[in-house]
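> For reference, the file data_23.cif (mmCIF, C-alpha atoms) is included below:
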```
data_upload
loop_
_atom_site.label_atom_id
_atom_site.label_comp_id
_atom_site.auth_asym_id
_atom_site.auth_seq_id
_atom_site.Cartn_x
_atom_site.Cartn_y
_atom_site.Cartn_z
CA MET Z 1207 -39.40 12.72 11.51
CA ALA Z 1208 -37.11 15.59 12.49
CA THR Z 1209 -39.96 17.17 14.53
CA ALA Z 1210 -40.69 13.88 16.23
CA SER Z 1211 -37.01 13.41 17.04
CA HIS Z 1212 -36.78 16.93 18.46
CA SER Z 1213 -39.90 16.35 20.56
CA MET Z 1214 -38.50 13.06 21.73
CA ALA Z 1215 -35.24 14.70 22.74
CA GLY Z 1216 -37.14 17.35 24.69
CA SER Z 1217 -39.14 14.69 26.53
CA GLU Z 1218 -35.93 12.88 27.47
CA GLU Z 1219 -34.62 16.06 29.05
CA ASP Z 1220 -37.92 16.59 30.88
CA VAL Z 1221 -37.74 13.20 32.61
CA GLY Z 1222 -33.96 13.34 33.11
CA ILE Z 1223 -33.13 10.01 31.39
CA LEU Z 1224 -29.53 8.81 31.08
CA PHE Z 1225 -29.00 6.14 28.45
CA SER Z 1226 -26.25 3.53 28.18
CA ASP Z 1227 -24.83 2.09 24.94
CA CYS Z 1228 -27.41 -0.71 24.87
CA PHE Z 1229 -28.80 -1.15 21.37
CA TRP Z 1230 -32.43 -1.38 22.57
CA GLU Z 1231 -32.44 1.91 24.42
CA ILE Z 1232 -33.34 5.19 22.75
CA LYS Z 1233 -30.62 6.16 20.23
CA GLY Z 1234 -28.76 2.98 21.14
CA TYR Z 1235 -28.51 2.11 17.44
CA LYS Z 1236 -26.10 5.02 16.74
CA HIS Z 1237 -23.05 2.72 16.75
CA VAL Z 1238 -24.67 0.48 14.14
CA VAL Z 1239 -25.32 3.49 11.90
CA SER Z 1240 -21.83 4.91 12.36
CA ARG Z 1241 -20.40 1.56 11.23
CA ILE Z 1242 -21.62 2.41 7.72
CA ASP Z 1243 -19.52 5.60 7.76
CA ASP Z 1244 -16.62 3.55 9.11
CA GLY Z 1245 -17.00 1.19 6.13
CA ALA Z 1246 -16.54 4.08 3.70
CA LYS Z 1247 -13.49 5.30 5.61
CA LEU Z 1248 -12.00 1.81 5.70
CA THR Z 1249 -12.48 1.53 1.94
CA ASP Z 1250 -10.56 4.78 1.43
CA SER Z 1251 -7.82 3.47 3.72
CA LEU Z 1252 -7.60 0.29 1.64
CA VAL Z 1253 -7.16 2.38 -1.52
CA HIS Z 1254 -4.34 4.34 0.14
CA LEU Z 1255 -2.70 1.11 1.31
CA ILE Z 1256 -2.70 -0.34 -2.20
CA ALA Z 1257 -1.44 2.92 -3.72
CA GLU Z 1258 1.44 3.12 -1.24
CA ARG Z 1259 2.45 -0.49 -1.91
CA ALA Z 1260 2.35 0.21 -5.66
CA GLU Z 1261 4.66 3.19 -5.13
CA ILE Z 1262 7.06 1.00 -3.16
CA GLU Z 1263 7.04 -1.58 -5.97
CA TYR Z 1264 7.84 1.15 -8.49
CA LYS Z 1265 10.69 2.62 -6.44
CA TYR Z 1266 12.17 -0.81 -5.76
CA ALA Z 1267 11.96 -1.75 -9.44
CA LYS Z 1268 13.68 1.51 -10.35
CA MET Z 1269 16.46 0.81 -7.85
CA LEU Z 1270 16.91 -2.71 -9.22
CA LYS Z 1271 17.09 -1.38 -12.78
CA GLY Z 1272 19.74 1.13 -11.76
CA PHE Z 1273 21.61 -1.53 -9.82
CA SER Z 1274 21.57 -3.88 -12.81
CA ARG Z 1275 22.85 -1.25 -15.29
CA LYS Z 1276 25.49 0.05 -12.90
CA TRP Z 1277 27.01 -3.31 -12.02
CA GLU Z 1278 26.74 -4.78 -15.51
CA ASP Z 1279 28.87 -1.87 -16.71
CA ALA Z 1280 31.19 -2.23 -13.73
CA ILE Z 1281 31.73 -5.95 -14.30
CA ASN Z 1282 32.42 -5.34 -18.00
CA LYS Z 1283 35.14 -2.87 -17.04
CA SER Z 1284 36.48 -4.90 -14.15
CA PRO Z 1285 39.52 -7.22 -14.22
CA GLU Z 1286 37.24 -10.20 -13.48
CA TYR Z 1287 37.29 -12.91 -16.16
CA GLY Z 1288 36.13 -16.35 -17.19
CA THR Z 1289 33.27 -18.32 -15.73
CA LEU Z 1290 33.36 -16.28 -12.51
CA GLU Z 1291 32.66 -13.17 -14.57
CA LEU Z 1292 29.66 -14.90 -16.15
CA ALA Z 1293 28.35 -15.89 -12.71
CA MET Z 1294 28.65 -12.30 -11.49
CA LYS Z 1295 26.83 -11.04 -14.57
CA SER Z 1296 23.98 -13.44 -13.83
CA LEU Z 1297 23.32 -11.38 -10.68
CA THR Z 1298 22.67 -8.26 -12.77
CA ILE Z 1299 20.44 -10.23 -15.13
CA GLU Z 1300 18.41 -11.48 -12.17
CA ALA Z 1301 18.07 -7.94 -10.79
CA ASN Z 1302 16.78 -6.69 -14.14
CA GLU Z 1303 14.28 -9.54 -14.45
CA THR Z 1304 13.16 -9.09 -10.84
CA ALA Z 1305 12.62 -5.39 -11.56
CA ASP Z 1306 10.33 -6.34 -14.45
CA VAL Z 1307 8.32 -8.52 -12.07
CA HIS Z 1308 7.91 -5.68 -9.57
CA VAL Z 1309 6.90 -3.28 -12.35
CA ASP Z 1310 4.18 -5.74 -13.32
CA VAL Z 1311 3.10 -5.97 -9.67
CA ARG Z 1312 2.83 -2.18 -9.48
CA GLN Z 1313 0.82 -2.02 -12.69
CA LYS Z 1314 -1.61 -4.72 -11.56
CA LEU Z 1315 -2.07 -3.10 -8.15
CA ILE Z 1316 -3.02 0.21 -9.75
CA SER Z 1317 -4.97 -0.88 -12.81
CA SER Z 1318 -6.72 -3.90 -11.30
CA VAL Z 1319 -6.81 -4.11 -7.50
CA MET Z 1320 -7.08 -0.40 -6.68
CA GLU Z 1321 -9.52 0.38 -9.48
CA THR Z 1322 -11.73 -2.50 -8.34
CA VAL Z 1323 -11.87 -1.05 -4.82
CA LYS Z 1324 -12.67 2.45 -6.13
CA HIS Z 1325 -15.45 1.09 -8.33
CA TRP Z 1326 -16.91 -0.93 -5.44
CA LYS Z 1327 -17.02 2.13 -3.20
CA SER Z 1328 -18.72 4.29 -5.83
CA SER Z 1329 -21.32 1.54 -6.32
CA ASN Z 1330 -22.05 1.07 -2.61
CA PHE Z 1331 -21.69 4.58 -1.17
CA GLN Z 1332 -23.44 7.66 -2.59
CA LYS Z 1333 -23.24 11.13 -1.09
CA ALA Z 1334 -26.36 12.99 0.10
CA PHE Z 1335 -25.29 16.45 1.25
CA VAL Z 1336 -22.81 15.81 4.09
CA LYS Z 1337 -23.86 12.19 4.72
CA TRP Z 1338 -23.80 8.97 2.78
CA LYS Z 1339 -27.23 7.97 1.49
CA GLN Z 1340 -26.78 4.57 3.09
CA THR Z 1341 -26.07 6.14 6.49
CA ALA Z 1342 -29.08 8.43 6.28
CA ALA Z 1343 -31.34 5.56 5.20
CA ALA Z 1344 -30.21 3.37 8.10
CA ASN Z 1345 -30.69 6.17 10.62
CA ASP Z 1346 -34.17 6.95 9.29
CA GLY Z 1347 -35.10 3.27 9.43
CA PHE Z 1348 -34.07 2.92 13.06
CA GLU Z 1349 -35.81 6.17 14.05
CA LYS Z 1350 -39.02 5.07 12.40
CA ALA Z 1351 -38.88 1.63 14.05
CA GLN Z 1352 -38.07 3.07 17.49
CA ALA Z 1353 -40.36 6.13 17.54
CA PRO Z 1354 -43.65 4.41 18.73
CA TRP Z 1355 -41.88 2.42 21.41
CA ALA Z 1356 -39.77 5.41 22.51
CA LYS Z 1357 -42.93 7.48 22.90
CA ARG Z 1358 -44.45 4.89 25.24
CA PHE Z 1359 -41.15 4.48 27.05
CA LEU Z 1360 -40.98 8.20 27.78
CA LYS Z 1361 -44.56 8.09 29.10
CA VAL Z 1362 -43.50 5.28 31.43
CA GLU Z 1363 -40.57 7.30 32.68
CA LYS Z 1364 -42.79 10.35 33.19
CA ALA Z 1365 -45.37 8.30 35.09
CA LYS Z 1366 -42.63 6.73 37.17
CA LYS Z 1367 -41.25 10.15 38.09
CA ALA Z 1368 -44.73 11.41 39.04
CA TYR Z 1369 -45.41 8.34 41.21
CA HIS Z 1370 -42.06 8.59 43.00
CA THR Z 1371 -42.58 12.32 43.61
CA ALA Z 1372 -46.07 11.72 45.07
CA SER Z 1373 -44.79 8.90 47.23
CA ARG Z 1374 -41.96 11.03 48.56
CA ASN Z 1375 -44.42 13.85 49.37
CA ARG Z 1376 -46.73 11.39 51.16
CA ASP Z 1377 -43.89 10.00 53.28
CA GLN Z 1378 -42.74 13.49 54.24
CA LEU Z 1379 -46.27 14.45 55.37
CA GLN Z 1380 -46.55 11.22 57.35
CA LYS Z 1381 -43.40 12.07 59.29
CA GLN Z 1382 -44.61 15.65 59.81
CA LEU Z 1383 -47.91 14.39 61.27
CA GLU Z 1384 -46.09 12.11 63.69
CA LEU Z 1385 -44.03 15.05 64.93
CA TYR Z 1386 -47.12 17.23 65.38
CA GLU Z 1387 -48.93 14.52 67.33
CA GLN Z 1388 -45.98 14.19 69.72
CA ASP Z 1389 -45.62 17.95 70.12
CA ALA Z 1390 -47.67 19.29 73.07
CA MET Z 1391 -47.46 22.78 71.66
CA ALA Z 1392 -49.12 21.79 68.38
CA THR Z 1393 -52.71 22.95 68.01
CA SER Z 1394 -55.48 20.69 66.88
CA GLU Z 1395 -56.04 22.90 63.85
CA SER Z 1396 -52.43 22.49 62.63
CA VAL Z 1397 -52.66 18.75 63.14
CA LYS Z 1398 -55.88 18.66 61.13
CA LYS Z 1399 -54.25 20.56 58.21
CA VAL Z 1400 -51.40 18.07 58.06
CA LYS Z 1401 -53.85 15.17 58.11
CA ASP Z 1402 -55.78 16.70 55.22
CA LYS Z 1403 -52.60 17.15 53.21
CA LEU Z 1404 -51.53 13.61 53.97
CA SER Z 1405 -54.90 12.27 52.82
CA LYS Z 1406 -54.57 14.12 49.50
CA ALA Z 1407 -50.94 12.94 49.14
CA GLU Z 1408 -52.01 9.34 49.68
CA THR Z 1409 -54.73 9.70 47.08
CA GLU Z 1410 -52.23 11.24 44.61
CA SER Z 1411 -49.71 8.50 45.30
CA ASP Z 1412 -52.30 5.80 44.61
CA LYS Z 1413 -53.44 7.59 41.47
CA THR Z 1414 -49.93 8.02 40.04
CA ARG Z 1415 -49.10 4.43 41.02
CA ASP Z 1416 -51.99 3.10 38.96
CA LYS Z 1417 -51.06 5.32 36.02
CA TYR Z 1418 -47.46 4.15 36.24
CA LYS Z 1419 -48.59 0.51 36.07
CA ASP Z 1420 -50.86 1.27 33.11
CA ARG Z 1421 -48.02 2.88 31.18
CA LEU Z 1422 -45.77 -0.11 31.88
CA GLN Z 1423 -48.46 -2.47 30.62
CA GLU Z 1424 -48.79 -0.45 27.40
CA LEU Z 1425 -45.03 -0.59 26.95
CA ASP Z 1426 -44.91 -4.33 27.56
CA MET Z 1427 -47.52 -4.84 24.86
CA ALA Z 1428 -45.40 -2.81 22.39
CA ASN Z 1429 -42.07 -4.50 23.21
CA GLN Z 1430 -42.35 -7.45 20.83
CA GLN Z 1431 -43.30 -5.32 17.83
CA TYR Z 1432 -40.44 -2.96 18.71
CA VAL Z 1433 -37.96 -5.86 18.82
CA ASN Z 1434 -39.19 -7.20 15.47
CA GLU Z 1435 -38.97 -3.86 13.64
CA MET Z 1436 -35.58 -2.97 15.11
CA THR Z 1437 -34.27 -6.43 14.18
CA VAL Z 1438 -35.32 -5.91 10.56
CA GLU Z 1439 -33.37 -2.64 10.40
CA PHE Z 1440 -30.40 -4.17 12.15
CA GLU Z 1441 -30.26 -7.09 9.72
CA LYS Z 1442 -30.18 -4.62 6.81
CA CYS Z 1443 -27.05 -3.05 8.31
CA GLN Z 1444 -25.59 -6.48 8.99
CA ALA Z 1445 -26.13 -7.45 5.34
CA MET Z 1446 -24.40 -4.26 4.21
CA GLU Z 1447 -21.44 -4.92 6.50
CA LYS Z 1448 -21.27 -8.55 5.38
CA LEU Z 1449 -21.05 -7.35 1.78
CA ARG Z 1450 -18.17 -5.04 2.71
CA MET Z 1451 -16.33 -7.75 4.63
CA GLU Z 1452 -16.71 -10.25 1.80
CA PHE Z 1453 -15.41 -7.71 -0.70
CA PHE Z 1454 -12.45 -6.86 1.52
CA LYS Z 1455 -11.66 -10.56 1.84
CA SER Z 1456 -11.67 -11.08 -1.94
CA THR Z 1457 -9.58 -7.90 -2.37
CA LEU Z 1458 -7.00 -9.15 0.11
CA ASP Z 1459 -6.86 -12.45 -1.79
CA GLU Z 1460 -6.27 -10.55 -5.03
CA TYR Z 1461 -3.67 -8.37 -3.30
CA LEU Z 1462 -1.83 -11.47 -2.10
CA THR Z 1463 -1.94 -13.10 -5.52
CA THR Z 1464 -0.60 -9.91 -7.10
CA THR Z 1465 2.22 -9.25 -4.64
CA ASP Z 1466 3.30 -12.86 -4.08
CA ILE Z 1467 6.15 -12.85 -6.58
CA THR Z 1468 7.29 -16.31 -5.45
CA ARG Z 1469 4.62 -17.67 -7.79
CA ASP Z 1470 6.12 -15.90 -10.80
CA PRO Z 1471 8.04 -18.40 -12.98
CA ARG Z 1472 10.35 -15.61 -14.18
CA LEU Z 1473 11.91 -15.32 -10.75
CA GLN Z 1474 12.29 -19.05 -10.40
CA ASN Z 1475 14.14 -19.15 -13.73
CA SER Z 1476 16.31 -16.18 -12.77
CA PHE Z 1477 17.55 -17.76 -9.57
CA GLN Z 1478 17.97 -21.12 -11.25
CA ASN Z 1479 20.16 -19.43 -13.84
CA ILE Z 1480 22.27 -17.86 -11.09
CA GLN Z 1481 22.70 -21.23 -9.41
CA HIS Z 1482 23.61 -22.81 -12.74
CA ALA Z 1483 26.19 -20.08 -13.42
CA ILE Z 1484 27.70 -20.59 -9.96
CA ASN Z 1485 27.84 -24.35 -10.46
CA GLU Z 1486 29.56 -23.83 -13.82
CA ILE Z 1487 32.41 -21.81 -12.30
CA ALA Z 1488 35.57 -23.70 -13.38
CA ILE Z 1489 38.35 -22.29 -11.23
CA GLU Z 1490 41.16 -24.58 -12.41
CA GLU Z 1491 40.18 -24.16 -16.04
CA ASP Z 1492 40.07 -20.37 -15.70
CA LEU Z 1493 43.46 -20.33 -13.97
CA LYS Z 1494 44.91 -22.51 -16.73
CA ARG Z 1495 43.63 -20.20 -19.44
CA TYR Z 1496 44.91 -17.18 -17.54
CA SER Z 1497 48.32 -18.86 -17.34
CA ASP Z 1498 48.30 -19.41 -21.09
CA TYR Z 1499 47.20 -15.85 -21.72
CA LYS Z 1500 49.11 -13.86 -19.11
CA GLY Z 1501 51.42 -16.23 -17.25
CA THR Z 1502 53.86 -19.05 -17.59
CA GLY Z 1503 51.99 -20.69 -20.44
CA MET Z 1504 52.89 -17.88 -22.82
CA ALA Z 1505 55.41 -18.57 -25.60
CA MET Z 1506 58.82 -16.90 -25.28
CA ASN Z 1507 61.54 -16.34 -27.93
CA TRP Z 1508 64.56 -16.89 -25.74
CA PRO Z 1509 67.70 -14.99 -26.90
CA VAL Z 1510 70.61 -17.04 -28.38
CA PHE Z 1511 74.19 -16.08 -29.15
CA THR Z 1512 74.74 -14.76 -32.65
CA GLU Z 1513 78.14 -13.68 -34.13
CA TYR Z 1514 78.42 -10.10 -35.21
CA ASN Z 1515 78.14 -9.52 -38.93
CA GLU Z 1516 77.51 -6.08 -40.33
CA VAL Z 1517 75.28 -7.25 -43.14
CA ASP Z 1518 73.58 -9.95 -41.12
CA ASN Z 1519 73.15 -7.52 -38.21
CA ALA Z 1520 71.24 -5.09 -40.41
CA LEU Z 1521 69.08 -7.94 -41.64
CA ASN Z 1522 68.57 -9.21 -38.08
CA LEU Z 1523 67.44 -5.78 -36.91
CA GLY Z 1524 64.75 -5.83 -39.57
CA SER Z 1525 63.76 -9.38 -38.73
CA MET Z 1526 63.53 -8.49 -35.02
CA HIS Z 1527 60.83 -6.00 -35.85
CA VAL Z 1528 59.08 -8.62 -37.93
CA ARG Z 1529 59.34 -11.21 -35.17
CA SER Z 1530 58.10 -8.69 -32.62
CA ASP Z 1531 55.07 -7.91 -34.79
CA GLN Z 1532 54.44 -11.61 -35.26
CA ALA Z 1533 54.69 -12.22 -31.52
CA ASP Z 1534 52.26 -9.42 -30.87
CA GLY Z 1535 49.93 -10.93 -33.44
CA ARG Z 1536 50.14 -14.34 -31.78
CA GLN Z 1537 49.49 -12.78 -28.38
CA GLN Z 1538 46.53 -10.87 -29.76
CA GLN Z 1539 45.21 -14.06 -31.33
CA GLN Z 1540 45.60 -15.89 -28.00
CA GLN Z 1541 43.73 -13.11 -26.27
CA GLN Z 1542 40.89 -13.23 -28.80
CA GLN Z 1543 40.69 -17.03 -28.56
CA HIS Z 1544 40.60 -16.86 -24.79
CA TYR Z 1545 37.64 -14.54 -24.72
CA ASN Z 1546 35.85 -16.39 -27.49
CA VAL Z 1547 35.70 -19.39 -25.20
CA TYR Z 1548 33.54 -17.40 -22.76
CA ASP Z 1549 31.58 -15.62 -25.48
CA ASN Z 1550 32.79 -12.32 -24.03
CA PRO Z 1551 34.94 -9.96 -26.16
CA PRO Z 1552 37.81 -8.20 -24.37
CA PRO Z 1553 37.03 -4.73 -23.02
CA ALA Z 1554 37.84 -2.01 -25.54
CA LYS Z 1555 40.33 0.74 -24.71
CA ASN Z 1556 38.80 3.94 -23.37
CA THR Z 1557 38.43 6.26 -26.36
CA ASN Z 1558 35.86 8.68 -24.99
CA GLY Z 1559 38.36 11.45 -24.37
CA THR Z 1560 38.11 11.34 -20.59
CA GLY Z 1561 41.79 10.71 -20.07
CA LEU Z 1562 40.99 7.42 -18.27
CA ASP Z 1563 42.43 4.19 -19.67
CA ASP Z 1564 41.98 0.55 -18.75
CA ASP Z 1565 44.66 0.77 -16.06
CA SER Z 1566 42.56 3.24 -14.05
CA GLU Z 1567 40.59 2.02 -11.03
CA TRP Z 1568 37.59 0.36 -12.67
CA GLY Z 1569 35.35 1.18 -9.73
CA ASP Z 1570 35.96 4.89 -10.35
CA ASN Z 1571 35.54 4.68 -14.14
CA MET Z 1572 32.01 3.38 -13.81
CA TYR Z 1573 30.92 6.51 -11.99
CA THR Z 1574 32.99 9.11 -13.87
CA GLN Z 1575 33.03 8.09 -17.53
CA SER Z 1576 29.41 8.89 -18.26
CA VAL Z 1577 29.64 12.32 -16.63
CA VAL Z 1578 32.99 13.35 -18.15
CA GLY Z 1579 32.14 11.85 -21.52
CA SER Z 1580 28.89 13.80 -21.82
CA ALA Z 1581 30.61 17.00 -20.72
CA ARG Z 1582 33.31 16.69 -23.40
CA GLY Z 1583 31.15 15.21 -26.14
CA GLY Z 1584 29.31 17.17 -28.80
CA GLN Z 1585 25.80 18.57 -28.40
CA GLN Z 1586 22.93 16.27 -29.34
CA SER Z 1587 19.78 17.61 -30.92
CA GLU Z 1588 17.52 15.12 -29.09
CA VAL Z 1589 17.65 12.22 -26.63
CA ARG Z 1590 15.97 9.08 -27.87
CA VAL Z 1591 14.89 6.31 -25.51
CA MET Z 1592 13.41 2.88 -26.10
CA ALA Z 1593 10.64 1.29 -24.03
CA MET Z 1594 11.84 -1.84 -22.26
CA PHE Z 1595 8.29 -3.02 -21.48
CA ASP Z 1596 4.66 -2.00 -21.92
CA TYR Z 1597 3.13 0.86 -19.95
CA VAL Z 1598 -0.54 1.84 -19.74
CA SER Z 1599 -1.16 5.44 -18.67
CA ALA Z 1600 -2.98 5.92 -15.36
CA GLU Z 1601 -3.61 9.66 -15.83
CA SER Z 1602 -4.58 11.85 -18.77
CA ASP Z 1603 -1.16 13.57 -18.88
CA GLU Z 1604 0.76 10.28 -19.24
CA LEU Z 1605 1.89 8.41 -22.35
CA SER Z 1606 1.02 4.78 -23.11
CA PHE Z 1607 3.49 2.69 -25.10
CA LYS Z 1608 4.55 -0.81 -26.02
CA GLU Z 1609 7.87 -2.53 -25.53
CA GLY Z 1610 10.21 -1.43 -28.32
CA ASP Z 1611 8.55 1.94 -28.95
CA VAL Z 1612 11.00 4.82 -29.39
CA LEU Z 1613 10.30 8.08 -27.55
CA ILE Z 1614 12.00 11.47 -27.58
CA GLN Z 1615 12.96 12.58 -24.08
CA LEU Z 1616 12.32 16.30 -23.54
CA ASP Z 1617 13.24 16.74 -19.86
CA GLU Z 1618 15.52 15.03 -17.39
CA GLU Z 1619 13.98 12.55 -14.96
CA ASP Z 1620 12.49 14.35 -11.93
CA GLU Z 1621 12.91 13.40 -8.28
CA ASN Z 1622 9.83 11.14 -8.47
CA GLY Z 1623 11.19 9.19 -11.43
CA TRP Z 1624 9.03 10.76 -14.18
CA CYS Z 1625 10.20 12.14 -17.53
CA ARG Z 1626 8.48 14.24 -20.19
CA GLY Z 1627 8.68 13.08 -23.77
CA LEU Z 1628 7.12 12.75 -27.23
CA LEU Z 1629 5.59 9.69 -28.86
CA ASN Z 1630 3.97 9.92 -32.28
CA GLY Z 1631 3.69 13.68 -31.87
CA VAL Z 1632 1.93 13.42 -28.48
CA GLU Z 1633 3.65 14.97 -25.46
CA GLY Z 1634 3.25 13.51 -21.97
CA LEU Z 1635 4.84 11.99 -18.89
CA TYR Z 1636 6.26 8.49 -18.55
CA PRO Z 1637 8.17 6.58 -15.84
CA GLY Z 1638 11.93 6.76 -16.38
CA SER Z 1639 12.47 3.18 -15.20
CA TYR Z 1640 10.44 1.85 -18.16
CA VAL Z 1641 12.87 3.10 -20.82
CA GLN Z 1642 16.53 2.95 -21.73
CA GLN Z 1643 18.49 5.58 -23.63
CA ILE Z 1644 19.49 4.70 -27.18
CA LYS Z 1645 23.19 5.34 -27.58
#
```
Please re-express this file's structure in structure tokens.

Amino acid sequence: MATASHSMAGSEEDVGILFSDCFWEIKGYKHVVSRIDDGAKLTDSLVHLIAERAEIEYKYAKMLKGFSRKWEDAINKSPEYGTLELAMKSLTIEANETADVHVDVRQKLISSVMETVKHWKSSNFQKAFVKWKQTAAANDGFEKAQAPWAKRFLKVEKAKKAYHTASRNRDQLQKQLELYEQDAMATSESVKKVKDKLSKAETESDKTRDKYKDRLQELDMANQQYVNEMTVEFEKCQAMEKLRMEFFKSTLDEYLTTTDITRDPRLQNSFQNIQHAINEIAIEEDLKRYSDYKGTGMAMNWPVFTEYNEVDNALNLGSMHVRSDQADGRQQQQQQQHYNVYDNPPPAKNTNGTGLDDDSEWGDNMYTQSVVGSARGGQQSEVRVMAMFDYVSAESDELSFKEGDVLIQLDEEDENGWCRGLLNGVEGLYPGSYVQQIK
């Protein structure tokens, strides 16, 4: 076939043929064959698209997890209180639950959608040297179907060229004869030579004309078989492309189902809980409790006039301390009762040795306490973390674990969000956003 193709190419050059992009012309099927290669490239592009979206899901989930932890801690340390505090906390709960949803999306994209595409490509495209087997097979099929017709077509073009050349030579000799006959200086011998040449040129023109018509007739007889065989090969390529398009359509459907988080009931519940918490904000009730706890509703032991008495004064001094302790106890009890109403214990005093107390700017504490506390605290022999949800390893150097598993973290989280740790004596990598440090 390679020899026939080379011979065919040489014949094309001999007759000086210029082809358009029409499918039926010689080599006109090249765009149909290249579409198979394009299908393989498009499949690779689809894999890259899914992988990039999965990475975005992971990074967004990690950001939401960090956001949730940061602001939950900030709200706990803030001066906010009552039902408004609960409503603000519902925002951090929603962020954490939304992060879980996006982690699931990422996992499904990688383990299901992307793996399905990879498997489909390996099943439908096999390499043969530098080409895909499917591409080579399609090209061979078209060459085989076109070769007999192309051979006749080239004969037609060659016969056409010969006929046109003979005709042009005949016409030139005819004009030359007319000039000689009008020229008084021309000899009879020179006129006779031109006439002889013209006679031969006319004979050659007629001969090449007949041959040209014969070649065209042979080609016309081969046209229908050529169309049938080329159509068979074309339909094979169409069927292959249809299979790819149908697979891409089903993959896009699966992609949509996976990434459309509006269908996830967890998100619906999260936002419903936020709305419920906002609706439950009781401003007047919170202000009343604050008044009882910190304002005009507090009890006061107003001073009264007492006559000086040395003995009684000594006793009164002692009783003042007792009354002060009792008042503090009542105030502490009021404080505890106030927070019990909201199921939220009062923030504890800062005892981590940072030098920051509850009167410090709470927005600054949330950023500085963890850093200063770890710098002044004692050395720990190991860092233990707990898995917040399941993870299935995608590579051989990763760890798989279930929600609740405890791992030992060996290295700090890298810039891509991965940590190195131990689980059941096996060392490997795991995503930092899937775990939480055990304090």
> What's the 12 Å shell around region 1227-1232 of chain Z, counting all atoms listed in the file, without same-chain residues fewer than 3 positions away, as a CSV table (one decimal) with C-alpha atoms, in the coordinates of the input?

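Okay, selection-v4.csv is ready:
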```csv
chain,number,residue,atom,x,y,z
Z,1211,SER,CA,-37.0,13.4,17.0
Z,1214,MET,CA,-38.5,13.1,21.7
Z,1215,ALA,CA,-35.2,14.7,22.7
Z,1217,SER,CA,-39.1,14.7,26.5
Z,1218,GLU,CA,-35.9,12.9,27.5
Z,1223,ILE,CA,-33.1,10.0,31.4
Z,1224,LEU,CA,-29.5,8.8,31.1
Z,1235,TYR,CA,-28.5,2.1,17.4
Z,1236,LYS,CA,-26.1,5.0,16.7
Z,1237,HIS,CA,-23.0,2.7,16.8
Z,1238,VAL,CA,-24.7,0.5,14.1
Z,1239,VAL,CA,-25.3,3.5,11.9
Z,1348,PHE,CA,-34.1,2.9,13.1
Z,1349,GLU,CA,-35.8,6.2,14.0
Z,1350,LYS,CA,-39.0,5.1,12.4
Z,1351,ALA,CA,-38.9,1.6,14.0
Z,1352,GLN,CA,-38.1,3.1,17.5
Z,1353,ALA,CA,-40.4,6.1,17.5
Z,1354,PRO,CA,-43.6,4.4,18.7
Z,1355,TRP,CA,-41.9,2.4,21.4
Z,1356,ALA,CA,-39.8,5.4,22.5
Z,1357,LYS,CA,-42.9,7.5,22.9
Z,1358,ARG,CA,-44.4,4.9,25.2
Z,1359,PHE,CA,-41.2,4.5,27.0
Z,1360,LEU,CA,-41.0,8.2,27.8
Z,1429,ASN,CA,-42.1,-4.5,23.2
Z,1430,GLN,CA,-42.4,-7.4,20.8
Z,1432,TYR,CA,-40.4,-3.0,18.7
Z,1433,VAL,CA,-38.0,-5.9,18.8
Z,1434,ASN,CA,-39.2,-7.2,15.5
Z,1435,GLU,CA,-39.0,-3.9,13.6
Z,1436,MET,CA,-35.6,-3.0,15.1
Z,1437,THR,CA,-34.3,-6.4,14.2
Z,1439,GLU,CA,-33.4,-2.6,10.4
Z,1440,PHE,CA,-30.4,-4.2,12.2
```
> Residues near Glu1447 (chain Z), anyone? I mean within 10 Å using only C-alpha atoms, not counting same-chain ones fewer than 5 positions away, as a list in words.
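Within the cut-off, the hits are Val1238, Arg1241, Ile1242, Gly1245, Glu1441, Lys1442, Glu1452 and Phe1453 of chain Z.
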> Restricting the output to C-alpha atoms, write the selected residues as a CSV table (one decimal), keeping the file's coordinate frame.

```csv
chain,number,residue,atom,x,y,z
Z,1238,VAL,CA,-24.7,0.5,14.1
Z,1241,ARG,CA,-20.4,1.6,11.2
Z,1242,ILE,CA,-21.6,2.4,7.7
Z,1245,GLY,CA,-17.0,1.2,6.1
Z,1441,GLU,CA,-30.3,-7.1,9.7
Z,1442,LYS,CA,-30.2,-4.6,6.8
Z,1452,GLU,CA,-16.7,-10.2,1.8
Z,1453,PHE,CA,-15.4,-7.7,-0.7
```
> With distances taken over all atoms listed in the file, which of Z:Leu1290, Z:Ala1246, Z:Val1253, Z:Ile1316 is nearest to Leu1493 (chain Z)?
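Checking each candidate against Leu1493 (chain Z), we get Z:Leu1290 as the closest.
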> Give me the residues near Gly1623 (chain Z) as a PyMOL selection string, where near means some atom within 12 Å (using all atoms listed in the file) and where sequence neighbours in that chain fewer than 6 positions away do not count.
chain Z and resi 1261+1264-1269+1272+1617+1635-1641
> Grab the residues selected above and save them as a compact mmCIF listing (two decimals), in the coordinates of the input with C-alpha atoms.

```txt
# COMPACT_ATOMS: atom_id res chain seq x y z
CA GLU Z 1261 4.66 3.19 -5.13
CA TYR Z 1264 7.84 1.15 -8.49
CA LYS Z 1265 10.69 2.62 -6.44
CA TYR Z 1266 12.17 -0.81 -5.76
CA ALA Z 1267 11.96 -1.75 -9.44
CA LYS Z 1268 13.68 1.51 -10.35
CA MET Z 1269 16.46 0.81 -7.85
CA GLY Z 1272 19.74 1.13 -11.76
CA ASP Z 1617 13.24 16.74 -19.86
CA LEU Z 1635 4.84 11.99 -18.89
CA TYR Z 1636 6.26 8.49 -18.55
CA PRO Z 1637 8.17 6.58 -15.84
CA GLY Z 1638 11.93 6.76 -16.38
CA SER Z 1639 12.47 3.18 -15.20
CA TYR Z 1640 10.44 1.85 -18.16
CA VAL Z 1641 12.87 3.10 -20.82
```
